[in-house]
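Chemist: As input, take final.cif (mmCIF, C-alpha atoms and all ligand atoms):
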data_target
#
loop_
_atom_site.label_atom_id
_atom_site.label_comp_id
_atom_site.auth_asym_id
_atom_site.auth_seq_id
_atom_site.Cartn_x
_atom_site.Cartn_y
_atom_site.Cartn_z
CA MET A 1 0.00 0.00 0.00
CA SER A 2 2.77 2.46 0.89
CA ALA A 3 4.25 1.81 -2.57
CA LEU A 4 0.86 2.51 -4.16
CA LEU A 5 0.54 6.06 -2.91
CA PRO A 6 3.58 7.67 -4.56
CA THR A 7 2.70 5.96 -7.88
CA ALA A 8 -0.84 7.26 -7.61
CA LEU A 9 0.36 10.76 -6.81
CA ILE A 10 2.69 10.82 -9.81
CA LEU A 11 -0.24 9.80 -12.00
CA LEU A 12 -2.60 12.43 -10.62
CA PRO A 13 -3.09 15.18 -13.21
CA VAL A 14 -2.17 18.72 -12.25
CA SER A 15 -5.86 19.69 -12.10
CA PHE A 16 -6.21 17.30 -9.20
CA ALA A 17 -3.61 19.05 -7.12
CA GLY A 18 -5.10 21.47 -4.62
CA VAL A 19 -8.01 19.60 -3.02
CA GLY A 20 -6.51 16.11 -3.61
CA ALA A 21 -2.99 16.96 -2.59
CA ASP A 22 -4.03 17.77 1.01
CA SER A 23 -5.74 14.40 1.36
CA ALA A 24 -2.82 12.59 -0.25
CA ASP A 25 -0.42 14.34 2.16
CA ALA A 26 -2.64 13.35 5.08
CA ILE A 27 -2.67 9.69 3.94
CA ALA A 28 1.10 9.72 3.44
CA GLU A 29 1.47 11.06 7.00
CA GLY A 30 -0.37 8.03 8.31
CA HIS A 31 -3.99 9.25 8.43
CA LEU A 32 -5.19 6.04 6.84
CA THR A 33 -8.89 6.84 7.18
CA GLU A 34 -8.44 9.86 4.89
CA ARG A 35 -9.61 9.41 1.28
CA LEU A 36 -8.94 11.32 -1.93
CA PRO A 37 -11.85 13.62 -2.89
CA THR A 38 -13.95 12.69 -5.93
CA ARG A 39 -16.39 14.84 -7.91
CA GLY A 40 -18.51 12.00 -9.28
CA ASN A 41 -17.96 13.16 -12.88
CA ARG A 42 -16.28 9.92 -14.08
CA SER A 43 -13.29 11.89 -15.33
CA GLU A 44 -9.93 10.10 -15.44
CA THR A 45 -8.91 11.95 -12.29
CA ASP A 46 -12.04 10.80 -10.50
CA GLN A 47 -11.62 7.22 -11.61
CA LEU A 48 -8.02 7.18 -10.45
CA ALA A 49 -8.94 8.68 -7.08
CA GLU A 50 -11.75 6.12 -6.68
CA ALA A 51 -9.38 3.26 -7.51
CA VAL A 52 -6.86 4.51 -4.95
CA ASN A 53 -9.65 4.93 -2.37
CA ARG A 54 -10.91 1.40 -3.06
CA ALA A 55 -7.40 0.02 -2.59
CA PHE A 56 -7.15 1.84 0.75
CA ASP A 57 -10.59 0.55 1.78
CA ALA A 58 -9.59 -3.05 0.95
CA GLN A 59 -6.36 -2.65 2.88
CA ALA A 60 -8.24 -1.19 5.88
CA ARG A 61 -10.72 -4.11 5.81
CA ALA A 62 -7.90 -6.69 5.64
CA GLU A 63 -6.13 -5.02 8.56
CA ALA A 64 -9.36 -4.92 10.59
CA THR A 65 -9.93 -8.63 9.91
CA VAL A 66 -6.41 -9.54 11.06
CA ARG A 67 -6.81 -7.34 14.18
CA SER A 68 -10.15 -8.87 15.13
CA LEU A 69 -8.91 -12.44 14.46
CA ALA A 70 -5.95 -11.84 16.74
CA ALA A 71 -8.22 -10.29 19.41
CA ASP A 72 -10.77 -13.13 19.15
CA THR A 73 -8.07 -15.81 19.25
CA SER A 74 -6.47 -14.38 22.38
CA HIS A 75 -9.92 -13.97 23.96
CA GLU A 76 -10.71 -17.64 23.26
CA LEU A 77 -7.37 -18.78 24.68
CA ARG A 78 -7.57 -16.59 27.78
CA THR A 79 -10.37 -18.54 29.51
CA PRO A 80 -8.77 -22.00 29.31
CA LEU A 81 -5.38 -20.53 30.26
CA SER A 82 -6.83 -18.82 33.36
CA THR A 83 -8.60 -22.03 34.34
CA ILE A 84 -5.40 -24.05 34.03
CA SER A 85 -3.28 -21.53 35.92
CA GLY A 86 -6.00 -21.28 38.62
CA TRP A 87 -5.82 -25.03 39.27
CA LEU A 88 -2.01 -24.98 39.19
CA ASP A 89 -1.93 -22.12 41.76
CA LEU A 90 -4.28 -24.06 44.00
CA HIS A 91 -2.04 -27.12 43.72
CA ARG A 92 1.06 -25.07 44.56
CA GLN A 93 -0.66 -23.76 47.68
CA GLY A 94 -1.26 -27.35 48.76
CA GLY A 95 -5.01 -27.09 48.20
CA LEU A 96 -5.33 -30.17 46.02
CA THR A 97 -5.18 -33.54 47.66
CA GLY A 98 -6.94 -36.88 47.15
CA PRO A 99 -9.95 -36.81 44.81
CA ARG A 100 -9.66 -33.02 44.30
CA LEU A 101 -6.37 -33.60 42.52
CA GLU A 102 -8.13 -35.99 40.11
CA THR A 103 -10.86 -33.39 39.54
CA ALA A 104 -8.25 -30.73 38.86
CA LEU A 105 -6.45 -32.93 36.34
CA GLY A 106 -9.77 -33.58 34.60
CA HIS A 107 -10.44 -29.83 34.30
CA ILE A 108 -6.92 -29.17 33.05
CA GLU A 109 -7.25 -31.95 30.48
CA ASN A 110 -10.56 -30.46 29.25
CA GLU A 111 -9.07 -27.01 28.84
CA VAL A 112 -6.00 -28.36 27.06
CA GLY A 113 -8.40 -30.18 24.71
CA ARG A 114 -10.28 -26.94 24.00
CA MET A 115 -7.05 -25.13 23.22
CA ARG A 116 -5.84 -27.97 21.00
CA LEU A 117 -9.12 -27.91 19.02
CA LEU A 118 -8.92 -24.15 18.61
CA VAL A 119 -5.32 -24.27 17.40
CA GLU A 120 -6.16 -27.13 14.98
CA ASP A 121 -9.16 -25.21 13.61
CA LEU A 122 -7.13 -22.03 13.16
CA SER A 123 -4.27 -23.81 11.45
CA LEU A 124 -6.70 -25.61 9.11
CA LEU A 125 -8.26 -22.25 8.19
CA ALA A 126 -4.80 -20.78 7.62
CA ARG A 127 -3.91 -23.70 5.31
CA LEU A 128 -7.15 -23.27 3.36
CA ASP A 129 -6.64 -19.48 3.21
CA ALA A 130 -3.18 -20.08 1.80
CA GLY A 131 -4.68 -22.15 -1.02
CA ARG A 132 -2.90 -25.39 -0.10
CA PRO A 133 -4.08 -28.17 -2.43
CA ILE A 134 -6.67 -30.57 -1.04
CA GLU A 135 -6.74 -34.34 -1.53
CA GLN A 136 -8.50 -35.66 -4.63
CA ASP A 137 -10.03 -38.94 -3.45
CA PRO A 138 -12.85 -40.61 -5.37
CA LEU A 139 -15.50 -40.97 -2.66
CA ASP A 140 -19.14 -41.74 -2.03
CA LEU A 141 -20.77 -38.89 -0.07
CA THR A 142 -23.68 -41.16 0.88
CA ALA A 143 -21.29 -43.61 2.57
CA LEU A 144 -19.45 -40.71 4.24
CA ALA A 145 -22.73 -39.21 5.50
CA ALA A 146 -23.82 -42.66 6.77
CA SER A 147 -20.65 -43.03 8.82
CA VAL A 148 -20.98 -39.50 10.27
CA VAL A 149 -24.63 -40.16 11.16
CA GLU A 150 -23.72 -43.50 12.79
CA ASP A 151 -21.00 -41.82 14.85
CA ALA A 152 -23.45 -39.10 15.92
CA GLN A 153 -26.07 -41.70 16.89
CA VAL A 154 -23.46 -43.30 19.18
CA ILE A 155 -22.27 -39.99 20.64
CA TYR A 156 -25.84 -38.67 21.15
CA PRO A 157 -27.86 -41.86 21.78
CA ASP A 158 -30.93 -39.90 22.97
CA ARG A 159 -31.25 -37.86 19.78
CA SER A 160 -33.12 -38.72 16.61
CA ILE A 161 -30.51 -38.43 13.84
CA THR A 162 -31.48 -39.98 10.49
CA LEU A 163 -30.14 -40.24 6.96
CA THR A 164 -32.05 -40.43 3.69
CA ALA A 165 -30.26 -41.07 0.42
CA GLY A 166 -31.26 -42.41 -2.98
CA GLY A 167 -28.02 -44.35 -3.51
CA PRO A 168 -24.30 -43.72 -3.90
CA ALA A 169 -23.20 -40.13 -4.58
CA GLN A 170 -19.77 -40.10 -6.20
CA VAL A 171 -17.61 -37.00 -5.90
CA THR A 172 -13.88 -36.34 -5.99
CA GLY A 173 -12.61 -34.57 -2.94
CA ASP A 174 -10.80 -34.65 0.36
CA THR A 175 -12.39 -37.42 2.44
CA ALA A 176 -11.14 -36.19 5.81
CA ARG A 177 -12.18 -32.58 5.14
CA LEU A 178 -15.62 -33.49 3.78
CA GLN A 179 -16.13 -35.72 6.81
CA GLN A 180 -15.27 -32.72 8.96
CA VAL A 181 -17.87 -30.64 7.08
CA LEU A 182 -20.58 -33.22 7.81
CA ARG A 183 -19.46 -33.60 11.44
CA ASN A 184 -19.53 -29.85 11.98
CA LEU A 185 -23.03 -29.56 10.50
CA VAL A 186 -24.50 -32.52 12.37
CA GLY A 187 -22.70 -31.29 15.51
CA ASN A 188 -24.31 -27.87 15.15
CA ALA A 189 -27.76 -29.36 14.61
CA VAL A 190 -27.35 -31.27 17.87
CA GLN A 191 -25.47 -28.72 19.97
CA HIS A 192 -27.50 -25.62 19.12
CA THR A 193 -30.93 -27.21 19.55
CA PRO A 194 -32.90 -28.60 22.51
CA ALA A 195 -32.73 -32.31 23.36
CA GLN A 196 -35.96 -33.32 21.59
CA THR A 197 -34.98 -31.77 18.26
CA ALA A 198 -34.71 -34.22 15.34
CA VAL A 199 -31.82 -34.00 12.90
CA GLN A 200 -32.19 -35.17 9.31
CA VAL A 201 -29.37 -35.60 6.85
CA ALA A 202 -30.28 -36.04 3.19
CA VAL A 203 -28.04 -36.78 0.23
CA ILE A 204 -29.65 -35.82 -3.07
CA THR A 205 -28.06 -36.50 -6.46
CA THR A 206 -29.01 -34.69 -9.63
CA PRO A 207 -27.15 -34.95 -12.96
CA GLY A 208 -23.68 -33.52 -12.36
CA ARG A 209 -24.44 -32.37 -8.80
CA VAL A 210 -24.56 -33.80 -5.31
CA GLN A 211 -26.40 -31.97 -2.55
CA VAL A 212 -26.22 -32.73 1.15
CA GLU A 213 -28.75 -31.15 3.49
CA VAL A 214 -28.48 -31.16 7.27
CA ALA A 215 -31.81 -30.07 8.71
CA ASP A 216 -33.18 -29.67 12.22
CA ASP A 217 -36.50 -28.48 13.57
CA GLY A 218 -34.84 -26.54 16.37
CA PRO A 219 -35.22 -22.89 17.43
CA GLY A 220 -33.67 -21.53 14.21
CA ILE A 221 -31.43 -18.52 13.69
CA ALA A 222 -32.74 -14.93 13.87
CA PRO A 223 -32.88 -13.24 10.43
CA GLN A 224 -30.43 -10.52 11.53
CA ASP A 225 -27.94 -13.22 12.62
CA LEU A 226 -28.18 -15.33 9.48
CA PRO A 227 -25.69 -13.30 7.36
CA ARG A 228 -23.10 -13.64 10.13
CA VAL A 229 -23.06 -17.40 10.70
CA PHE A 230 -20.03 -18.04 8.47
CA GLU A 231 -17.93 -15.31 10.15
CA ARG A 232 -14.95 -16.55 12.11
CA PHE A 233 -15.66 -16.70 15.86
CA TRP A 234 -19.25 -15.50 15.43
CA ARG A 235 -21.85 -17.16 17.69
CA ALA A 236 -25.41 -16.17 18.47
CA GLU A 237 -25.81 -14.80 21.98
CA ALA A 238 -27.58 -17.99 23.08
CA SER A 239 -24.63 -20.11 21.86
CA ARG A 240 -21.93 -18.16 23.65
CA SER A 241 -22.14 -20.10 26.89
CA ARG A 242 -19.31 -22.55 27.34
CA ALA A 243 -21.88 -25.36 27.61
CA CYS A 244 -22.34 -25.22 23.82
CA GLY A 245 -18.65 -25.83 23.45
CA GLY A 246 -17.73 -24.31 20.10
CA SER A 247 -15.67 -21.22 19.50
CA GLY A 248 -17.56 -20.11 16.41
CA LEU A 249 -15.17 -21.49 13.77
CA GLY A 250 -17.25 -24.52 12.69
CA LEU A 251 -19.21 -22.92 9.85
CA ALA A 252 -16.23 -20.82 8.73
CA ILE A 253 -14.34 -24.10 8.30
CA VAL A 254 -17.30 -25.67 6.46
CA GLU A 255 -17.38 -22.73 4.04
CA ALA A 256 -13.60 -22.74 3.47
CA ILE A 257 -13.55 -26.51 2.79
CA ILE A 258 -16.54 -26.39 0.44
CA HIS A 259 -15.09 -23.43 -1.47
CA ALA A 260 -11.81 -25.37 -1.77
CA HIS A 261 -13.92 -28.05 -3.53
CA HIS A 262 -15.44 -25.35 -5.78
CA GLY A 263 -18.82 -26.04 -4.16
CA GLN A 264 -21.39 -23.85 -2.40
CA VAL A 265 -22.88 -23.82 1.06
CA SER A 266 -25.98 -21.96 2.20
CA VAL A 267 -28.12 -21.73 5.32
CA GLU A 268 -31.87 -21.32 5.53
CA SER A 269 -33.44 -20.82 8.89
CA ALA A 270 -36.68 -19.62 10.41
CA VAL A 271 -37.14 -18.89 14.10
CA GLY A 272 -39.30 -21.57 15.70
CA VAL A 273 -39.21 -23.74 12.56
CA GLY A 274 -35.62 -24.89 12.19
CA THR A 275 -32.41 -24.65 10.25
CA THR A 276 -31.20 -26.34 7.07
CA VAL A 277 -27.64 -26.12 5.84
CA THR A 278 -27.18 -27.17 2.21
CA VAL A 279 -23.86 -28.13 0.66
CA ARG A 280 -23.62 -28.47 -3.12
CA LEU A 281 -20.73 -30.16 -4.88
CA ASN A 282 -20.08 -31.09 -8.47
CA ALA A 283 -20.33 -34.82 -8.99
CA GLN A 284 -16.75 -36.08 -9.47
CA CYS A 285 -15.64 -32.52 -8.75
CA THR A 286 -12.00 -31.63 -8.57
CA GLY A 287 -10.77 -28.71 -6.56
CA THR A 288 -8.00 -26.76 -4.95
CA ALA A 289 -8.20 -24.24 -2.16
CA PRO A 290 -9.03 -20.73 -3.39
CA ARG A 291 -6.00 -18.49 -3.91
CA ASP A 292 -7.46 -15.10 -2.96
N1 LIG B 301 -28.46 -25.77 13.50
C1 LIG B 301 -28.35 -24.59 14.15
N2 LIG B 301 -29.39 -24.09 14.88
C2 LIG B 301 -29.29 -22.90 15.52
N3 LIG B 301 -28.18 -22.13 15.50
C3 LIG B 301 -27.13 -22.56 14.80
C4 LIG B 301 -27.14 -23.82 14.09
N4 LIG B 301 -25.96 -23.96 13.47
C5 LIG B 301 -25.22 -22.88 13.78
N5 LIG B 301 -25.91 -22.03 14.58
C6 LIG B 301 -25.45 -20.72 15.10
O1 LIG B 301 -24.33 -20.32 14.32
C7 LIG B 301 -23.21 -20.11 15.20
C8 LIG B 301 -21.93 -20.43 14.45
O2 LIG B 301 -21.80 -21.83 14.26
P1 LIG B 301 -20.34 -22.45 14.26
O3 LIG B 301 -19.51 -21.64 13.32
O4 LIG B 301 -20.44 -23.90 14.00
O5 LIG B 301 -19.83 -22.14 15.72
P2 LIG B 301 -19.98 -22.95 17.10
O6 LIG B 301 -20.77 -24.20 16.82
O7 LIG B 301 -18.59 -23.21 17.51
O8 LIG B 301 -20.70 -22.03 18.03
C9 LIG B 301 -23.48 -20.97 16.41
O9 LIG B 301 -22.81 -20.50 17.55
C10 LIG B 301 -24.99 -20.82 16.55
O10 LIG B 301 -25.30 -19.60 17.19
MG MG B 302 -20.24 -25.50 15.38
#
If you convert what's in this file into structure tokens, what do you get?

Modeler:
Amino acid sequence: MSALLPTALILLPVSFAGVGADSADAIAEGHLTERLPTRGNRSETDQLAEAVNRAFDAQARAEATVRSLAADTSHELRTPLSTISGWLDLHRQGGLTGPRLETALGHIENEVGRMRLLVEDLSLLARLDAGRPIEQDPLDLTALAASVVEDAQVIYPDRSITLTAGGPAQVTGDTARLQQVLRNLVGNAVQHTPAQTAVQVAVITTPGRVQVEVADDGPGIAPQDLPRVFERFWRAEASRSRACGGSGLGLAIVEAIIHAHHGQVSVESAVGVGTTVTVRLNAQCTGTAPRD
């Protein structure tokens, strides 16, 4: 960005000097919220100023994203770290003997697990962001969905979790990552809904396309929250309690993995009716992680 400004200033026609020069000086001095003035007349000068302003806007957005990711990550790590150091302090003061020591170790283990999951999720997102190639396995999404549903039925024996599929659904993709997508979606349908809520997974094949739907008849997501569900670390207020477990990276990971497969993911939800997440992949699709 710093290299962009001098180039832009050299290109600015003389007629732009005056009003624009003050703003350009201000930006060069570090006032990065300053923008070059435009007159809205689509002249070359205007178009150049708009392009420079857009580049500054994009840079500002990227910096804000990095800042908020760093802030969110440290916030997420702070709670488990304080819990662990609290138990260690207590132990040092001689306050942990007999069964209390066992309890403490259990808590510490839990918190270490949370931190490990968070670090794994973040490093997976970083790898996908960097456009690392994904595996290209020939796989049957119906079989993959069946194994994820079976696992979920074992983990949540009191929940109704069912699968409907018309037959095999061949795609080419990264088995482990697509399994993670299905686990995250089924996990959400269980963890963000009350105990009696049913979860239905459906695999639908159409010529050239495979669609997987994970639907629940739970409380749904408020319309104002819906556009935010794929944001990193975003959780609805009701999901922020530690009981729900997640740190708000699950759907961001789903989206990054599906985009790496050149597929699409969307969420439909209505309060009091339920939520359906739909993943669409090309049959026999091939993909790499996006490079932008
Ligand atoms: N099936 C669902 N029903 C209701 N809310 C959901 C559902 N799936 C996701 N959400 C909301 O979207 C948020 C983001 O989901 P996710 O990225 O998986 O984060 P996490 O599960 O770690 O909270 C959740 O915290 C929850 O508020
Ligand atoms: Mg989740």

Chemist: Ligand LIG 301 (chain B), all listed atoms, 4 Å padding on each side: what axis-aligned box centre and edge lengths in Å to one decimal come out, as AutoDock Vina command-line options?

Modeler:
--center_x -24.0 --center_y -22.7 --center_z 15.7 --size_x 18.8 --size_y 14.2 --size_z 12.7

Chemist: Rounded to one decimal in Å, what is the spacing between CA of Gly208 in chain A and CA of Val171 in chain A?

Modeler: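 Separation of CA of Gly208 in chain A and CA of Val171 in chain A: 9.5 Å.
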
Chemist: Work out how far CA of Leu81 in chain A is from CA of Gly95 in chain A, in Å to one decimal.

Modeler: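 So the answer is 19.1 Å.
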
Chemist: Measure the distance from CA of Leu163 in chain A to CA of Ala146 in chain A in Å and round it to one decimal.

Modeler: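 We find that CA of Leu163 in chain A and CA of Ala146 in chain A lie 6.8 Å from each other.
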
Chemist: So which one's closest to ligand MG 302 (chain B), A:Pro157, A:Gly187, A:Pro37, A:Pro80? Using only C-alpha atoms and all ligand atoms, please.

Modeler: A:Gly187

Chemist: Considering all atoms listed in the file, can you say which of A:Ser239, A:Asn188, A:Ser147, A:Thr33 comes closest to Ala60 in chain A?

Modeler: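 Once distances to Ala60 in chain A are computed over all atoms listed in the file, the minimum belongs to A:Thr33.
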
Chemist: Fewer than 6 positions away in the same chain doesn't count, so skip those; otherwise give me all residues within 9 Å of Ala202 in chain A, counting all atoms listed in the file, as number ranges by chain.

Modeler: A: 142, 145, 162-166, 211-215

Chemist: Listing only residues of chain A within 9 Å of ligand LIG 301 (chain B), what is the closest atom pair and its distance in Å (to one decimal) for each, using all atoms listed in the file, sorted by chain and residue number ascending, as a tab-separated table?

Modeler:
residue	atom	partner	partner_atom	distance
A:Asn184	CA	B:LIG301	O4	6.3
A:Leu185	CA	B:LIG301	N4	7.0
A:Val186	CA	B:LIG301	N1	7.9
A:Gly187	CA	B:LIG301	O6	7.5
A:Asn188	CA	B:LIG301	N4	4.6
A:Ala189	CA	B:LIG301	N1	3.8
A:Val190	CA	B:LIG301	N1	7.1
A:Gln191	CA	B:LIG301	O6	7.2
A:His192	CA	B:LIG301	C2	4.9
A:Thr193	CA	B:LIG301	N2	5.8
A:Val199	CA	B:LIG301	N1	8.9
A:Val214	CA	B:LIG301	N1	8.2
A:Ala215	CA	B:LIG301	N1	7.3
A:Asp216	CA	B:LIG301	N1	6.3
A:Asp217	CA	B:LIG301	N2	8.5
A:Gly218	CA	B:LIG301	N2	6.2
A:Pro219	CA	B:LIG301	C2	6.2
A:Gly220	CA	B:LIG301	C2	4.8
A:Ile221	CA	B:LIG301	N3	5.2
A:Ala222	CA	B:LIG301	N3	8.7
A:Asp225	CA	B:LIG301	O1	8.1
A:Leu226	CA	B:LIG301	O1	7.9
A:Arg228	CA	B:LIG301	O1	8.0
A:Val229	CA	B:LIG301	O1	4.8
A:Phe230	CA	B:LIG301	O3	6.1
A:Glu231	CA	B:LIG301	O3	7.3
A:Arg232	CA	B:LIG301	O3	6.9
A:Phe233	CA	B:LIG301	O3	6.8
A:Trp234	CA	B:LIG301	C8	5.7
A:Arg235	CA	B:LIG301	O9	3.5
A:Ala236	CA	B:LIG301	O10	3.7
A:Glu237	CA	B:LIG301	O10	6.8
A:Ala238	CA	B:LIG301	O10	6.5
A:Ser239	CA	B:LIG301	O9	4.7
A:Arg240	CA	B:LIG301	O9	6.6
A:Cys244	CA	B:LIG301	O8	6.8
A:Gly245	CA	B:LIG301	O7	6.5
A:Gly246	CA	B:LIG301	O7	2.9
A:Ser247	CA	B:LIG301	O7	4.1
A:Gly248	CA	B:LIG301	O5	3.1
A:Leu249	CA	B:LIG301	O3	4.4
A:Gly250	CA	B:LIG301	O4	3.5
A:Leu251	CA	B:LIG301	O3	3.7
A:Ala252	CA	B:LIG301	O3	5.7
A:Ile253	CA	B:LIG301	O3	7.6
A:Val254	CA	B:LIG301	O3	8.3
A:Val267	CA	B:LIG301	N4	8.7
A:Ser269	CA	B:LIG301	N2	7.9
A:Val271	CA	B:LIG301	C2	8.9
A:Gly274	CA	B:LIG301	N2	6.8
A:Thr275	CA	B:LIG301	N1	5.2
A:Thr276	CA	B:LIG301	N1	7.0
A:Val277	CA	B:LIG301	N1	7.7

Chemist: Which is closest to ligand MG 302 (chain B) among A:Ser23, A:Gln180, A:Thr206, A:Thr73, if we use all atoms listed in the file?

Modeler: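 Of A:Ser23, A:Gln180, A:Thr206, A:Thr73, the one nearest ligand MG 302 (chain B), counting all atoms listed in the file, is A:Gln180.
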
Chemist: Rank A:Val203, A:Ala152, A:Ala198, A:Val265 by their smallest atom-to-atom distance to Gly167 in chain A, using only C-alpha atoms, and report the top residue only.

Modeler: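 Going through A:Val203, A:Ala152, A:Ala198, A:Val265 one by one, the smallest distance to Gly167 in chain A is for A:Val203.
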
Chemist: Under the rule that all atoms listed in the file are counted, which of A:Ile257, A:Ala195, A:Ala283, A:Leu88 is the nearest residue to Pro133 in chain A?

Modeler: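 Among the listed residues, the smallest separation from Pro133 in chain A belongs to A:Ile257.
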
Chemist: Can you pull out the residues contacting range 108-114 of chain A? Cut-off 12 Å, using all atoms listed in the file, and skip same-chain residues under 6 positions away; I want them as a list of chain:residue names.

Modeler: A:Glu76, A:Leu77, A:Arg78, A:Thr79, A:Pro80, A:Leu81, A:Ser82, A:Thr83, A:Ile84, A:Ser85, A:Gly86, A:Trp87, A:Leu88, A:His91, A:Leu101, A:Glu102, A:Glu120, A:Asp121, A:Arg242, A:Gly245, A:Gly246, A:Ser247

Chemist: Could you write those residues out with C-alpha atoms, as a PDB file, in the frame of the given file?

Modeler:
ATOM      1  CA  GLU A  76     -10.710 -17.640  23.260  1.00  0.00           C
ATOM      2  CA  LEU A  77      -7.370 -18.780  24.680  1.00  0.00           C
ATOM      3  CA  ARG A  78      -7.570 -16.590  27.780  1.00  0.00           C
ATOM      4  CA  THR A  79     -10.370 -18.540  29.510  1.00  0.00           C
ATOM      5  CA  PRO A  80      -8.770 -22.000  29.310  1.00  0.00           C
ATOM      6  CA  LEU A  81      -5.380 -20.530  30.260  1.00  0.00           C
ATOM      7  CA  SER A  82      -6.830 -18.820  33.360  1.00  0.00           C
ATOM      8  CA  THR A  83      -8.600 -22.030  34.340  1.00  0.00           C
ATOM      9  CA  ILE A  84      -5.400 -24.050  34.030  1.00  0.00           C
ATOM     10  CA  SER A  85      -3.280 -21.530  35.920  1.00  0.00           C
ATOM     11  CA  GLY A  86      -6.000 -21.280  38.620  1.00  0.00           C
ATOM     12  CA  TRP A  87      -5.820 -25.030  39.270  1.00  0.00           C
ATOM     13  CA  LEU A  88      -2.010 -24.980  39.190  1.00  0.00           C
ATOM     14  CA  HIS A  91      -2.040 -27.120  43.720  1.00  0.00           C
ATOM     15  CA  LEU A 101      -6.370 -33.600  42.520  1.00  0.00           C
ATOM     16  CA  GLU A 102      -8.130 -35.990  40.110  1.00  0.00           C
ATOM     17  CA  GLU A 120      -6.160 -27.130  14.980  1.00  0.00           C
ATOM     18  CA  ASP A 121      -9.160 -25.210  13.610  1.00  0.00           C
ATOM     19  CA  ARG A 242     -19.310 -22.550  27.340  1.00  0.00           C
ATOM     20  CA  GLY A 245     -18.650 -25.830  23.450  1.00  0.00           C
ATOM     21  CA  GLY A 246     -17.730 -24.310  20.100  1.00  0.00           C
ATOM     22  CA  SER A 247     -15.670 -21.220  19.500  1.00  0.00           C
TER      23      SER A 247
END

Chemist: Smallest atom-to-atom distance to Asp140 in chain A: which of A:Ser160, A:Val210, A:Glu50, A:Pro223, using only C-alpha atoms?

Modeler: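 With only C-alpha atoms as the atom set, the closest residue is A:Val210.
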